[in-house]
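For reference, the structure discussed in these notes is given below.
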Amino acid sequence: MSENTSGISPRGHRVLIKPFEVEEKTASGIVVSTGRELQREQMAQTEGIIVEIGNTAWHDQPAPWAQVGDHVIFAKYSGTVSTGEDKVEYRIVNDLDIVAVKRGKE
């Protein structure tokens, strides 16, 4: 993802992440309940792609931990959920809530 089509620009030490979608079915075919349970599962999602980074993210660290386009792992239930102009739900998280960059095959 090279362009931010969300219309959301994080400020300060915040990072805009597009979380991976929660599957409505498990690998074994069990259907995940809709409504509140699905919302809870989406907030528990801990992986996504960085879309944009605020201007002071990681400024107090020796070097940035991640960059736009990185597949990252972030703290469970962290951040704020917001729907972009493109109708996609994004998470705005604090820079230090990103705990790892996941490299290799998706």
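Please note that chains go A, B, ... in the order of the structure tokens, that every chain numbers its residues from 1, and that ligands are numbered from 1 in the order shown.
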What's around His13 (chain A) at 12 Å? Count only C-alpha atoms, leave out sequence neighbours fewer than 6 positions away in its own chain, and write the answer as a PDB file with C-alpha atoms, in the first residue's frame.
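Output contents, as saved in part_1.pdb:
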```
ATOM      1  CA  GLU A  52       0.776   6.527   7.659  1.00  0.00           C
ATOM      2  CA  ILE A  53       2.991   7.656  10.532  1.00  0.00           C
ATOM      3  CA  GLY A  54       2.619  10.803  12.657  1.00  0.00           C
ATOM      4  CA  ASN A  55       5.373  13.415  12.533  1.00  0.00           C
ATOM      5  CA  THR A  56       6.819  12.670  16.000  1.00  0.00           C
ATOM      6  CA  ALA A  57       6.393   8.882  16.106  1.00  0.00           C
ATOM      7  CA  TRP A  58       9.406   7.243  17.761  1.00  0.00           C
ATOM      8  CA  HIS A  59      11.139  10.631  18.173  1.00  0.00           C
ATOM      9  CA  ASP A  60      12.332   9.566  21.630  1.00  0.00           C
ATOM     10  CA  GLN A  61      13.806   6.302  20.293  1.00  0.00           C
ATOM     11  CA  PRO A  64      11.939   4.323  13.990  1.00  0.00           C
ATOM     12  CA  GLY A  79      -5.914   2.539  19.753  1.00  0.00           C
ATOM     13  CA  ILE A  92      -4.900   4.805  15.217  1.00  0.00           C
ATOM     14  CA  VAL A  93      -2.390   3.546  17.789  1.00  0.00           C
ATOM     15  CA  ASN A  94       0.426   5.064  19.822  1.00  0.00           C
ATOM     16  CA  ASP A  95       3.864   4.421  18.360  1.00  0.00           C
ATOM     17  CA  LEU A  96       4.957   2.374  21.384  1.00  0.00           C
ATOM     18  CA  ASP A  97       1.909   0.071  21.019  1.00  0.00           C
ATOM     19  CA  ILE A  98       3.630  -1.410  17.965  1.00  0.00           C
TER      20      ILE A  98
END
```
Practice item. Measuring atom to atom with only C-alpha atoms, identify which of A:Gly29, A:Val51, A:Tyr77, A:Lys102 is nearest to Val15 (chain A). Key: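 Closest candidate: A:Val51.
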- Those in region 36-106 of chain A with alpha helix (DSSP H) from DSSP, as a list in words: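 Of region 36-106 of chain A, only Arg36, Glu37, Leu38, Gln39, Arg40, Glu41, Gln42, Met43 and Ala44 of chain A fall in alpha helix (DSSP H).
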Please write the residues from the selection above to a file, keeping C-alpha atoms, as a tab-separated table (two decimals), in the first residue's frame.
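Dumped everything to result37.tsv:
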```tsv
chain	number	residue	atom	x	y	z
A	36	ARG	CA	-20.92	-7.43	19.37
A	37	GLU	CA	-18.80	-10.58	19.25
A	38	LEU	CA	-17.44	-9.69	15.81
A	39	GLN	CA	-16.68	-6.13	17.01
A	40	ARG	CA	-14.83	-7.55	20.01
A	41	GLU	CA	-12.85	-9.88	17.73
A	42	GLN	CA	-11.93	-6.96	15.48
A	43	MET	CA	-10.66	-4.93	18.46
A	44	ALA	CA	-8.65	-7.96	19.58
```
- Neighbour list for Glu85 (chain A) as number ranges by chain, cut-off 8 Å, only C-alpha atoms, skip fewer than 4 positions in-chain: A: 5-7
What would the file look like if the residues just selected were written as a PDB file, in the first residue's frame with C-alpha atoms?
```
ATOM      1  CA  THR A   5      -6.787   6.709   0.709  1.00  0.00           C
ATOM      2  CA  SER A   6      -8.423   6.891   4.143  1.00  0.00           C
ATOM      3  CA  GLY A   7      -8.486  10.657   4.530  1.00  0.00           C
TER       4      GLY A   7
END
```
